[in-house]
$ cat start-v5.cif   # mmCIF, C-alpha atoms
data_work
#
loop_
_atom_site.group_PDB
_atom_site.id
_atom_site.type_symbol
_atom_site.label_atom_id
_atom_site.label_comp_id
_atom_site.auth_asym_id
_atom_site.auth_seq_id
_atom_site.Cartn_x
_atom_site.Cartn_y
_atom_site.Cartn_z
ATOM 1 C CA MET A 1 0.000 0.000 0.000
ATOM 2 C CA ALA A 2 1.349 3.365 -0.982
ATOM 3 C CA HIS A 3 0.176 6.896 -1.598
ATOM 4 C CA TYR A 4 0.744 8.499 -4.988
ATOM 5 C CA ASN A 5 -0.030 11.905 -6.422
ATOM 6 C CA VAL A 6 -2.111 11.769 -9.629
ATOM 7 C CA ASP A 7 -1.964 14.828 -11.897
ATOM 8 C CA TYR A 8 -5.026 14.714 -14.151
ATOM 9 C CA ASN A 9 -4.690 15.935 -17.734
ATOM 10 C CA TYR A 10 -6.310 19.334 -17.122
ATOM 11 C CA GLY A 11 -4.586 20.496 -13.977
ATOM 12 C CA HIS A 12 -6.322 18.856 -11.016
ATOM 13 C CA SER A 13 -4.264 16.813 -8.597
ATOM 14 C CA GLN A 14 -5.259 14.188 -6.062
ATOM 15 C CA GLU A 15 -3.512 11.806 -3.727
ATOM 16 C CA VAL A 16 -4.596 8.177 -4.130
ATOM 17 C CA GLU A 17 -3.822 4.994 -2.251
ATOM 18 C CA LEU A 18 -2.882 2.059 -4.476
ATOM 19 C CA PHE A 19 -2.228 -1.611 -3.791
ATOM 20 C CA GLY A 20 -0.504 -4.392 -5.720
ATOM 21 C CA LYS A 21 2.675 -4.681 -7.727
ATOM 22 C CA THR A 22 4.604 -1.494 -8.334
ATOM 23 C CA SER A 23 4.395 -1.875 -12.119
ATOM 24 C CA ARG A 24 0.587 -2.227 -11.923
ATOM 25 C CA ARG A 25 0.406 0.843 -9.664
ATOM 26 C CA TYR A 26 2.226 2.975 -12.241
ATOM 27 C CA GLU A 27 -0.014 1.632 -15.010
ATOM 28 C CA LYS A 28 -3.018 2.611 -12.920
ATOM 29 C CA ILE A 29 -1.589 6.110 -12.334
ATOM 30 C CA GLU A 30 -0.975 6.585 -16.076
ATOM 31 C CA TYR A 31 -4.534 5.475 -16.791
ATOM 32 C CA MET A 32 -5.968 7.800 -14.144
ATOM 33 C CA GLU A 33 -3.945 10.776 -15.419
ATOM 34 C CA ARG A 34 -5.598 10.448 -18.854
ATOM 35 C CA GLY A 35 -9.060 10.681 -17.310
ATOM 36 C CA VAL A 36 -11.208 13.026 -15.296
ATOM 37 C CA CYS A 37 -10.694 13.494 -11.584
ATOM 38 C CA PRO A 38 -13.394 11.886 -9.404
ATOM 39 C CA ASP A 39 -14.758 15.247 -8.206
ATOM 40 C CA CYS A 40 -15.169 16.561 -11.759
ATOM 41 C CA TYR A 41 -16.677 13.260 -12.872
ATOM 42 C CA ARG A 42 -19.310 13.445 -10.113
ATOM 43 C CA ALA A 43 -20.065 17.079 -11.007
ATOM 44 C CA GLU A 44 -20.471 16.161 -14.707
ATOM 45 C CA LYS A 45 -22.813 13.274 -13.871
ATOM 46 C CA GLN A 46 -24.861 15.468 -11.552
ATOM 47 C CA GLN A 47 -25.226 18.088 -14.272
ATOM 48 C CA GLU A 48 -26.292 15.403 -16.778
ATOM 49 C CA ARG A 49 -28.905 14.103 -14.326
ATOM 50 C CA GLU A 50 -30.263 17.595 -13.735
ATOM 51 C CA GLN A 51 -30.534 18.235 -17.482
ATOM 52 C CA GLU A 52 -32.279 14.895 -17.993
ATOM 53 C CA ASN A 53 -34.687 15.673 -15.163
ATOM 54 C CA GLU A 54 -35.492 19.091 -16.641
ATOM 55 C CA ARG A 55 -36.138 17.462 -20.012
ATOM 56 C CA ALA A 56 -38.407 14.883 -18.368
ATOM 57 C CA VAL A 57 -40.396 17.615 -16.614
ATOM 58 C CA GLY A 58 -40.819 19.463 -19.920
ATOM 59 C CA LEU A 59 -42.071 16.319 -21.651
ATOM 60 C CA ALA A 60 -44.388 15.532 -18.753
ATOM 61 C CA LYS A 61 -45.967 18.980 -19.007
ATOM 62 C CA SER A 62 -46.343 18.823 -22.785
ATOM 63 C CA LEU A 63 -47.955 15.355 -22.663
ATOM 64 C CA GLY A 64 -50.115 16.062 -19.635
ATOM 65 C CA PHE A 65 -48.420 13.541 -17.357
ATOM 66 C CA PRO A 66 -49.279 14.048 -13.700
ATOM 67 C CA VAL A 67 -46.544 14.963 -11.254
ATOM 68 C CA LEU A 68 -45.252 11.795 -9.670
ATOM 69 C CA GLU A 69 -45.677 11.099 -5.975
ATOM 70 C CA GLY A 70 -42.630 10.550 -3.760
ATOM 71 C CA SER A 71 -39.604 12.357 -2.407
ATOM 72 C CA MET A 72 -37.912 15.022 -4.538
ATOM 73 C CA LYS A 73 -35.170 12.601 -5.613
ATOM 74 C CA GLN A 74 -37.683 9.854 -6.385
ATOM 75 C CA VAL A 75 -39.848 12.228 -8.424
ATOM 76 C CA ALA A 76 -36.867 13.443 -10.451
ATOM 77 C CA TRP A 77 -35.588 9.932 -11.123
ATOM 78 C CA GLY A 78 -39.040 8.441 -11.733
ATOM 79 C CA SER A 79 -39.962 11.238 -14.164
ATOM 80 C CA SER A 80 -36.787 10.593 -16.113
ATOM 81 C CA ILE A 81 -37.543 6.857 -16.283
ATOM 82 C CA ARG A 82 -41.145 7.505 -17.370
ATOM 83 C CA GLN A 83 -39.955 9.907 -20.076
ATOM 84 C CA LYS A 84 -37.413 7.390 -21.393
ATOM 85 C CA THR A 85 -40.101 4.688 -21.425
ATOM 86 C CA TYR A 86 -42.445 6.873 -23.453
ATOM 87 C CA GLU A 87 -39.697 7.810 -25.908
ATOM 88 C CA SER A 88 -38.674 4.167 -26.222
ATOM 89 C CA ILE A 89 -42.234 3.166 -27.074
ATOM 90 C CA CYS A 90 -42.403 5.913 -29.697
ATOM 91 C CA ARG A 91 -39.058 4.850 -31.210
ATOM 92 C CA SER A 92 -39.907 1.163 -31.286
ATOM 93 C CA ASN A 93 -43.045 1.664 -33.366
ATOM 94 C CA PRO A 94 -43.249 5.009 -35.232
ATOM 95 C CA GLU A 95 -46.911 4.525 -36.157
ATOM 96 C CA HIS A 96 -48.747 2.801 -33.348
ATOM 97 C CA PRO A 97 -51.099 0.269 -34.939
ATOM 98 C CA VAL A 98 -54.007 0.522 -32.533
ATOM 99 C CA TYR A 99 -54.459 3.890 -30.913
ATOM 100 C CA GLY A 100 -51.606 6.315 -31.403
ATOM 101 C CA TYR A 101 -49.281 7.946 -28.946
ATOM 102 C CA GLY A 102 -51.765 10.277 -27.280
ATOM 103 C CA LEU A 103 -53.437 7.248 -25.776
ATOM 104 C CA VAL A 104 -50.092 5.597 -24.980
ATOM 105 C CA ALA A 105 -49.283 8.732 -22.982
ATOM 106 C CA GLU A 106 -52.612 8.357 -21.180
ATOM 107 C CA VAL A 107 -51.789 4.761 -20.277
ATOM 108 C CA ILE A 108 -48.352 5.737 -18.995
ATOM 109 C CA SER A 109 -49.833 8.610 -17.015
ATOM 110 C CA LEU A 110 -52.057 6.214 -15.059
ATOM 111 C CA GLU A 111 -49.103 5.250 -12.853
ATOM 112 C CA ALA A 112 -48.250 8.235 -10.667
ATOM 113 C CA SER A 113 -45.890 6.617 -8.156
ATOM 114 C CA ALA A 114 -42.238 7.524 -8.585
ATOM 115 C CA LYS A 115 -41.298 4.450 -6.556
ATOM 116 C CA TRP A 116 -43.175 2.212 -9.010
ATOM 117 C CA TRP A 117 -41.273 3.671 -11.973
ATOM 118 C CA ILE A 118 -37.948 3.282 -10.168
ATOM 119 C CA ASP A 119 -38.701 -0.305 -9.126
ATOM 120 C CA ASN A 120 -39.646 -1.200 -12.721
ATOM 121 C CA ARG A 121 -36.939 0.772 -14.525
ATOM 122 C CA ARG A 122 -35.450 -2.331 -16.155
ATOM 123 C CA VAL A 123 -38.757 -3.716 -17.412
ATOM 124 C CA GLY A 124 -39.358 -3.573 -21.178
ATOM 125 C CA CYS A 125 -41.840 -1.150 -22.716
ATOM 126 C CA VAL A 126 -44.455 -3.734 -23.697
ATOM 127 C CA ARG A 127 -44.347 -5.292 -20.256
ATOM 128 C CA ILE A 128 -44.647 -1.852 -18.603
ATOM 129 C CA THR A 129 -47.923 -1.130 -20.401
ATOM 130 C CA LYS A 130 -49.220 -4.601 -19.473
ATOM 131 C CA MET A 131 -48.312 -4.021 -15.833
ATOM 132 C CA ILE A 132 -50.070 -0.647 -15.824
ATOM 133 C CA ALA A 133 -53.101 -2.265 -17.499
ATOM 134 C CA ALA A 134 -53.171 -4.898 -14.749
ATOM 135 C CA ASN A 135 -52.941 -2.251 -12.009
ATOM 136 C CA TYR A 136 -55.692 -0.051 -13.505
ATOM 137 C CA PRO A 137 -57.958 -2.406 -15.508
ATOM 138 C CA ALA A 138 -61.052 -0.174 -15.726
ATOM 139 C CA LYS A 139 -59.134 2.965 -16.713
ATOM 140 C CA TYR A 140 -56.996 1.015 -19.191
ATOM 141 C CA GLN A 141 -60.087 -0.545 -20.783
ATOM 142 C CA ALA A 142 -61.668 2.918 -21.177
ATOM 143 C CA ILE A 143 -58.527 4.224 -22.897
ATOM 144 C CA GLN A 144 -58.330 1.176 -25.161
ATOM 145 C CA THR A 145 -62.017 1.463 -26.089
ATOM 146 C CA ARG A 146 -61.548 5.134 -27.017
ATOM 147 C CA GLY A 147 -58.562 4.179 -29.146
ATOM 148 C CA GLU A 148 -60.433 1.481 -30.997
ATOM 149 C CA GLU A 149 -63.365 3.827 -31.640
ATOM 150 C CA GLY A 150 -60.981 6.495 -32.944
ATOM 151 C CA SER A 151 -59.221 4.088 -35.335
ATOM 152 C CA GLU A 152 -62.461 3.060 -37.100
#
$ encode --input "start-v5.cif" --output "structure tokens"
Amino acid sequence: MAHYNVDYNYGHSQEVELFGKTSRRYEKIEYMERGVCPDCYRAEKQQEREQENERAVGLAKSLGFPVLEGSMKQVAWGSSIRQKTYESICRSNPEHPVYGYGLVAEVISLEASAKWWIDNRRVGCVRITKMIAANYPAKYQAIQTRGEEGSE
């Protein structure tokens, strides 16, 4: 175990503790010096998350999605997940065969729990709509009926 000073490629410096063979330590230092310091990396990621959350809020307003329920962090993360789900559905099938994207947005807007969106963030788009349909059968059926009437 030894402490080394890493000088990142744009001027920041940080002391790190490295383990293992000396040759591997120097390889690790060279690798780290080509990258971004951990503090700057965290700041970049935070800024990306904030931009994504702002974009999700804008989409939610334009599509009429309700504000999600939960803590501030949950709402921000859940809104971002919901927005990505909607966009993924739109990308996967440019012309929805049954009822169009206005009604898809209505289906997605049925689930207003940020925790639910976070818990199901890795579930595929088709499965998400089926899960929402199972949670809100009467509302889903009304939306589907309106869609079928509109497509005739």
$ resolve_selection --input "start-v5.cif" --expression "the PyMOL selection byres ((chain A and resi 54-59) around 8)" --output "PyMOL selection string"
chain A and resi 50-53+60-63+79-80+82-83
$ residues_around --input "start-v5.cif" --residues "Pro66 in chain A" --least-positions-apart "6" --cutoff "9 Å" --atoms "only C-alpha atoms" --output "JSON, numbers by chain"
{"A": [60, 109, 110, 111, 112]}
$ closest_residue --input "start-v5.cif" --among "A:Gln141, A:Thr129, A:Ser71, A:Ser92" --to "Ser113 in chain A" --atoms "all atoms listed in the file"
A:Ser71
$ atom_distance --input "start-v5.cif" --atom1 "CA of Trp77 in chain A" --atom2 "CA of Val107 in chain A"
19.3 Å
$ resolve_selection --input "start-v5.cif" --expression "the PyMOL selection byres ((chain A and resi 38) around 12)" --output "number ranges by chain"
A: 6, 8, 12-16, 32-33, 35-37, 39-45
$ atom_distance --input "start-v5.cif" --atom1 "CA of Glu17 in chain A" --atom2 "CA of Arg34 in chain A"
17.6 Å
$ resolve_selection --input "start-v5.cif" --expression "the PyMOL selection byres ((chain A and resi 128) around 12)" --output "PyMOL selection string"
chain A and resi 81-82+85-86+88-89+104+107-111+116-127+129-135
$ closest_residue --input "start-v5.cif" --among "A:Phe19, A:Ala105, A:Glu148, A:Gln47" --to "Glu87 in chain A" --atoms "only C-alpha atoms"
A:Ala105
